[in-house]
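Visitor: query_26.txt is reproduced below (compact mmCIF, C-alpha atoms).
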# COMPACT_ATOMS: atom_id res chain seq x y z
CA MET A 1 -33.65 36.86 25.16
CA PRO A 2 -32.52 33.43 23.93
CA LEU A 3 -32.25 30.74 26.55
CA PRO A 4 -29.76 28.22 25.16
CA PHE A 5 -30.26 25.74 28.00
CA LEU A 6 -33.90 25.31 26.96
CA THR A 7 -33.13 24.77 23.27
CA ALA A 8 -30.25 22.35 23.68
CA ASP A 9 -31.55 19.56 21.49
CA ARG A 10 -33.26 21.41 18.64
CA ALA A 11 -30.45 20.26 16.40
CA PHE A 12 -31.22 16.68 17.45
CA ASP A 13 -34.89 17.17 16.60
CA ALA A 14 -33.99 18.52 13.17
CA ALA A 15 -31.34 15.91 12.36
CA ASP A 16 -32.23 12.57 13.90
CA ASP A 17 -29.94 10.66 11.53
CA VAL A 18 -26.82 12.59 12.58
CA ALA A 19 -25.27 11.53 15.90
CA LEU A 20 -23.29 14.74 16.47
CA PRO A 21 -25.17 17.47 14.58
CA PHE A 22 -23.25 20.46 15.97
CA ASP A 23 -20.78 22.51 13.95
CA ASP A 24 -18.58 23.46 16.90
CA ASN A 25 -18.02 20.36 19.02
CA ARG A 26 -15.59 22.17 21.34
CA ARG A 27 -18.40 24.07 23.10
CA TRP A 28 -20.03 22.47 26.14
CA ARG A 29 -23.67 21.63 25.46
CA ARG A 30 -26.40 19.51 26.97
CA PRO A 31 -27.65 16.95 24.42
CA TYR A 32 -31.22 17.05 25.78
CA ARG A 33 -33.78 19.51 27.09
CA PRO A 34 -34.31 19.98 30.82
CA GLY A 35 -37.34 18.05 31.97
CA PRO A 36 -40.65 19.49 33.16
CA TRP A 37 -39.94 18.67 36.81
CA ARG A 38 -36.69 20.65 36.74
CA VAL A 39 -38.22 23.58 34.84
CA GLY A 40 -41.28 23.59 37.11
CA ALA A 41 -39.17 23.66 40.27
CA ALA A 42 -37.06 26.50 38.86
CA ALA A 43 -40.22 28.41 37.92
CA LEU A 44 -41.58 28.06 41.46
CA LEU A 45 -38.26 29.30 42.88
CA LEU A 46 -38.34 32.30 40.55
CA LEU A 47 -41.93 33.02 41.61
CA LEU A 48 -40.82 32.91 45.24
CA ALA A 49 -37.93 35.25 44.39
CA SER A 50 -40.34 37.75 42.85
CA PHE A 51 -42.35 37.87 46.08
CA VAL A 52 -39.18 38.31 48.12
CA LEU A 53 -38.05 41.12 45.80
CA PHE A 54 -41.43 42.80 46.21
CA ALA A 55 -41.04 42.48 49.98
CA ALA A 56 -37.56 44.02 49.73
CA VAL A 57 -38.97 47.04 47.90
CA ALA A 58 -41.80 47.39 50.42
CA ILE A 59 -39.34 47.17 53.33
CA ALA A 60 -37.02 49.68 51.67
CA LEU A 61 -39.90 52.16 51.34
CA THR A 62 -41.21 51.71 54.88
CA GLY A 63 -38.37 50.25 56.94
CA THR A 64 -34.63 50.33 57.14
CA LEU A 65 -32.17 49.73 54.34
CA PRO A 66 -30.28 46.85 56.05
CA GLU A 67 -33.51 44.84 56.31
CA ALA A 68 -34.31 45.54 52.66
CA GLY A 69 -30.76 44.59 51.72
CA PHE A 70 -31.14 41.28 53.54
CA CYS A 71 -34.37 40.52 51.64
CA PHE A 72 -32.69 41.52 48.38
CA GLY A 73 -29.78 39.16 49.17
CA VAL A 74 -32.20 36.30 49.89
CA ALA A 75 -33.94 36.94 46.57
CA LEU A 76 -30.61 36.90 44.73
CA ALA A 77 -29.69 33.60 46.40
CA VAL A 78 -33.03 32.07 45.37
CA ILE A 79 -32.56 33.29 41.77
CA ALA A 80 -29.02 31.88 41.69
CA GLY A 81 -30.35 28.55 43.00
CA ALA A 82 -33.06 28.44 40.32
CA LEU A 83 -30.53 29.14 37.56
CA ARG A 84 -28.15 26.52 38.94
CA LEU A 85 -31.04 24.03 39.06
CA LEU A 86 -31.66 24.64 35.35
CA ARG A 87 -27.96 24.18 34.57
CA MET A 88 -27.74 20.75 36.25
CA GLY A 89 -27.27 17.73 34.02
CA VAL A 90 -24.81 16.12 31.65
CA TRP A 91 -22.87 18.33 29.23
CA VAL A 92 -20.63 17.07 26.43
CA SER A 93 -17.97 18.51 24.14
CA ALA A 94 -15.00 17.26 22.17
CA ARG A 95 -12.92 17.71 25.34
CA GLY A 96 -14.95 15.41 27.56
CA LEU A 97 -18.09 14.81 29.57
CA ARG A 98 -19.17 17.11 32.40
CA GLN A 99 -21.69 16.13 35.06
CA VAL A 100 -23.03 19.34 36.60
CA GLY A 101 -24.60 18.98 40.03
CA PHE A 102 -26.17 21.63 42.23
CA LEU A 103 -22.96 22.29 44.16
CA VAL A 104 -20.28 20.20 42.45
CA SER A 105 -19.36 19.56 38.82
CA ARG A 106 -17.21 16.67 37.60
CA THR A 107 -15.41 16.75 34.27
CA THR A 108 -14.00 13.62 32.69
CA ARG A 109 -11.79 13.77 29.62
CA TRP A 110 -12.77 11.35 26.86
CA ALA A 111 -9.34 9.69 27.14
CA GLN A 112 -10.32 8.52 30.66
CA VAL A 113 -13.69 7.08 29.56
CA VAL A 114 -13.69 3.31 29.10
CA SER A 115 -17.39 3.05 28.25
CA VAL A 116 -20.77 4.71 28.60
CA ARG A 117 -23.67 2.28 28.72
CA THR A 118 -27.29 1.95 29.78
CA VAL A 119 -28.02 -0.53 32.57
CA GLN A 120 -31.11 -1.69 34.44
CA GLN A 121 -30.66 -0.98 38.17
CA PRO A 122 -32.32 0.64 41.19
CA VAL A 123 -32.30 4.42 40.72
CA ARG A 124 -33.23 7.33 42.96
CA TRP A 125 -36.65 8.83 42.35
CA LEU A 126 -36.26 12.61 41.72
CA GLY A 127 -32.98 12.54 43.65
CA LEU A 128 -34.70 11.50 46.88
CA PRO A 129 -33.51 8.56 49.02
CA ARG A 130 -36.35 6.36 47.73
CA THR A 131 -35.17 4.00 44.97
CA VAL A 132 -37.19 2.38 42.21
CA GLN A 133 -36.26 0.02 39.41
CA GLY A 134 -35.24 1.93 36.30
CA GLN A 135 -32.58 2.51 33.70
CA ALA A 136 -29.40 4.47 34.23
CA LEU A 137 -26.67 5.71 31.94
CA VAL A 138 -23.41 4.87 33.70
CA LEU A 139 -19.90 6.02 33.00
CA VAL A 140 -17.01 3.56 33.40
CA ARG A 141 -13.78 5.48 33.95
CA GLU A 142 -10.24 4.27 33.65
CA GLY A 143 -8.97 2.95 36.99
CA ARG A 144 -12.31 3.25 38.81
CA ALA A 145 -15.09 0.83 39.59
CA PRO A 146 -18.48 1.67 38.03
CA ASP A 147 -19.97 1.97 41.53
CA ASP A 148 -17.66 4.91 42.39
CA VAL A 149 -19.36 7.27 39.93
CA PRO A 150 -23.07 8.16 40.24
CA PRO A 151 -25.18 7.52 37.13
CA LEU A 152 -25.10 10.24 34.50
CA LEU A 153 -28.81 10.02 33.66
CA THR A 154 -31.69 7.96 35.03
CA THR A 155 -35.25 7.35 33.90
CA HIS A 156 -36.50 8.75 37.23
CA ASN A 157 -34.55 11.99 37.62
CA ALA A 158 -36.01 15.49 37.17
CA ASP A 159 -35.24 15.52 33.45
CA PHE A 160 -36.70 12.18 32.39
CA LEU A 161 -39.44 11.18 34.85
CA GLY A 162 -42.32 10.06 32.64
CA ARG A 163 -40.31 10.70 29.44
CA LEU A 164 -38.75 7.35 28.53
CA GLU A 165 -38.29 8.27 24.85
CA ALA A 166 -36.38 11.40 25.84
CA PHE A 167 -34.14 9.32 28.11
CA ASP A 168 -33.43 6.86 25.30
CA ARG A 169 -32.59 9.68 22.88
CA ALA A 170 -30.33 11.44 25.43
CA ALA A 171 -28.57 8.19 26.37
CA ASP A 172 -27.99 7.37 22.70
CA SER A 173 -26.62 10.85 22.14
CA VAL A 174 -24.16 10.67 25.04
CA GLU A 175 -23.10 7.19 23.92
CA ALA A 176 -22.52 8.57 20.40
CA TRP A 177 -20.28 11.30 21.81
CA ALA A 178 -18.37 8.66 23.77
CA GLU A 179 -17.92 6.52 20.65
CA GLU A 180 -16.77 9.50 18.60
CA TYR A 181 -14.29 10.98 21.07
CA GLY A 182 -13.59 8.17 23.56
CA ARG A 183 -10.80 5.61 23.55
CA GLY A 184 -13.01 2.96 21.97
Give the structure from this file in structure tokens form.
Guide:
Amino acid sequence: MPLPFLTADRAFDAADDVALPFDDNRRWRRPYRPGPWRVGAAALLLLLASFVLFAAVAIALTGTLPEAGFCFGVALAVIAGALRLLRMGVWVSARGLRQVGFLVSRTTRWAQVVSVRTVQQPVRWLGLPRTVQGQALVLVREGRAPDDVPPLLTTHNADFLGRLEAFDRAADSVEAWAEEYGRG
């Protein structure tokens, strides 16, 4: 079964000289691969879900169906959380830029984007309250201060921690999309 969210930037690996190597730019796509921290956390959640599913089967065979149904529901919630964790990140298309979070997604049309740039600033380490000095890709929207919008990508989030070259390539790619389709 193909997993398109894991192969998002194969076209970028194959065509480094082309900024927008996709044939259909209207589809939403992530211009980078999910990082090892994000994939590892999702794998651990899926492992936990397998144990909970096994417990649901064991309870169904020995106990009551409502208890097994509850365990099955918990397993489905854990699986949905793992899949949502893998889907988090920045997605681009010819229509705009979408920042997908765990619970909330924000979509900004390219007409509203003033600039997308990389800045040196304190960033959150793996999304935790602790901040460290790093780089962030920030979005400046029409009519909003840059501080109102959280950074799109940082060097210390789950996708790019310890992968500075991948951050640079992803930031350059998002900036290329902004140049191609933005107001600039």
Visitor: Given the choices A:Phe160, A:Trp177, A:Phe54, A:Trp28, which gets closest to Val74 in chain A if the distance is worked out from only C-alpha atoms?
Guide: A:Phe54
Visitor: For the atom pair CA of Thr131 in chain A and CA of Asn157 in chain A, what is the interatomic distance in Å to one decimal place?
Guide: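 Computing the Euclidean distance for CA of Thr131 in chain A and CA of Asn157 in chain A yields 10.9 Å.
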Visitor: So which one's closest to Gly81 in chain A, A:Ser93, A:Glu179, A:Ala42, A:Leu53? Using only C-alpha atoms, please.
Guide: A:Ala42
Visitor: To one decimal in Å, tell me the separation between CA of Ala136 in chain A and CA of Val123 in chain A.
Guide: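 Here the two named atoms are 7.1 Å from each other.
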Visitor: Which polymer residues have any atom within 7 Å of an atom of Glu175 in chain A, counting only C-alpha atoms, with same-chain residues fewer than 4 positions away left out, as a list in words?
Guide: Val116, Arg117, Ala171 and Glu179 of chain A
Visitor: So the first atom is CA of Ala82 in chain A and the second is CA of Asp168 in chain A; what is the distance between them in Å, to one decimal place?
Guide: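 Between these atoms lies a distance of 26.3 Å.
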Visitor: Need the shell around range 87-89 of chain A: protein/DNA/RNA residues with any atom at most 12 Å away, counting all atoms listed in the file. Skip same-chain ones fewer than 6 positions apart. Format as number ranges by chain?
Guide: A: 3-6, 8, 28-35, 38-39, 42, 80-81, 97-107, 151-154, 157-160, 170, 174
Visitor: From the block you just saw, export range 65-87 of chain A: N, CA and C atoms, as a tab-separated table (two decimals), in the first residue's frame.
Guide:
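Everything below was put into out25.tsv:
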chain	number	residue	atom	x	y	z
A	65	LEU	N	-19.20	-7.75	25.90
A	65	LEU	CA	-19.01	-6.99	24.67
A	65	LEU	C	-18.87	-5.49	24.88
A	66	PRO	N	-19.58	-4.87	25.84
A	66	PRO	CA	-19.37	-3.42	26.04
A	66	PRO	C	-17.94	-3.08	26.46
A	67	GLU	N	-17.33	-3.91	27.28
A	67	GLU	CA	-15.94	-3.67	27.68
A	67	GLU	C	-15.01	-3.82	26.49
A	68	ALA	N	-15.24	-4.82	25.66
A	68	ALA	CA	-14.43	-5.01	24.46
A	68	ALA	C	-14.64	-3.86	23.50
A	69	GLY	N	-15.88	-3.39	23.39
A	69	GLY	CA	-16.16	-2.25	22.52
A	69	GLY	C	-15.44	-1.00	22.98
A	70	PHE	N	-15.37	-0.80	24.29
A	70	PHE	CA	-14.64	0.35	24.83
A	70	PHE	C	-13.16	0.26	24.46
A	71	CYS	N	-12.56	-0.92	24.63
A	71	CYS	CA	-11.14	-1.09	24.28
A	71	CYS	C	-10.93	-0.88	22.78
A	72	PHE	N	-11.86	-1.38	21.97
A	72	PHE	CA	-11.77	-1.19	20.53
A	72	PHE	C	-11.86	0.30	20.18
A	73	GLY	N	-12.73	1.03	20.85
A	73	GLY	CA	-12.85	2.47	20.62
A	73	GLY	C	-11.58	3.22	21.01
A	74	VAL	N	-10.95	2.82	22.12
A	74	VAL	CA	-9.69	3.44	22.54
A	74	VAL	C	-8.61	3.17	21.49
A	75	ALA	N	-8.57	1.95	20.98
A	75	ALA	CA	-7.57	1.62	19.95
A	75	ALA	C	-7.79	2.44	18.69
A	76	LEU	N	-9.04	2.61	18.29
A	76	LEU	CA	-9.33	3.43	17.12
A	76	LEU	C	-8.93	4.88	17.34
A	77	ALA	N	-9.14	5.40	18.54
A	77	ALA	CA	-8.73	6.77	18.85
A	77	ALA	C	-7.21	6.92	18.80
A	78	VAL	N	-6.49	5.92	19.29
A	78	VAL	CA	-5.02	5.97	19.25
A	78	VAL	C	-4.53	5.90	17.80
A	79	ILE	N	-5.15	5.05	16.99
A	79	ILE	CA	-4.77	4.95	15.57
A	79	ILE	C	-5.05	6.26	14.86
A	80	ALA	N	-6.21	6.86	15.11
A	80	ALA	CA	-6.54	8.15	14.50
A	80	ALA	C	-5.54	9.22	14.93
A	81	GLY	N	-5.13	9.21	16.19
A	81	GLY	CA	-4.13	10.17	16.66
A	81	GLY	C	-2.78	9.97	15.98
A	82	ALA	N	-2.38	8.71	15.79
A	82	ALA	CA	-1.10	8.44	15.11
A	82	ALA	C	-1.14	8.91	13.67
A	83	LEU	N	-2.25	8.67	12.98
A	83	LEU	CA	-2.36	9.12	11.59
A	83	LEU	C	-2.39	10.64	11.50
A	84	ARG	N	-3.06	11.28	12.44
A	84	ARG	CA	-3.11	12.75	12.44
A	84	ARG	C	-1.71	13.31	12.73
A	85	LEU	N	-0.96	12.64	13.61
A	85	LEU	CA	0.40	13.07	13.91
A	85	LEU	C	1.27	13.02	12.66
A	86	LEU	N	1.08	11.99	11.84
A	86	LEU	CA	1.85	11.89	10.59
A	86	LEU	C	1.42	12.94	9.57
A	87	ARG	N	0.19	13.39	9.64
A	87	ARG	CA	-0.33	14.36	8.67
A	87	ARG	C	0.06	15.80	9.02
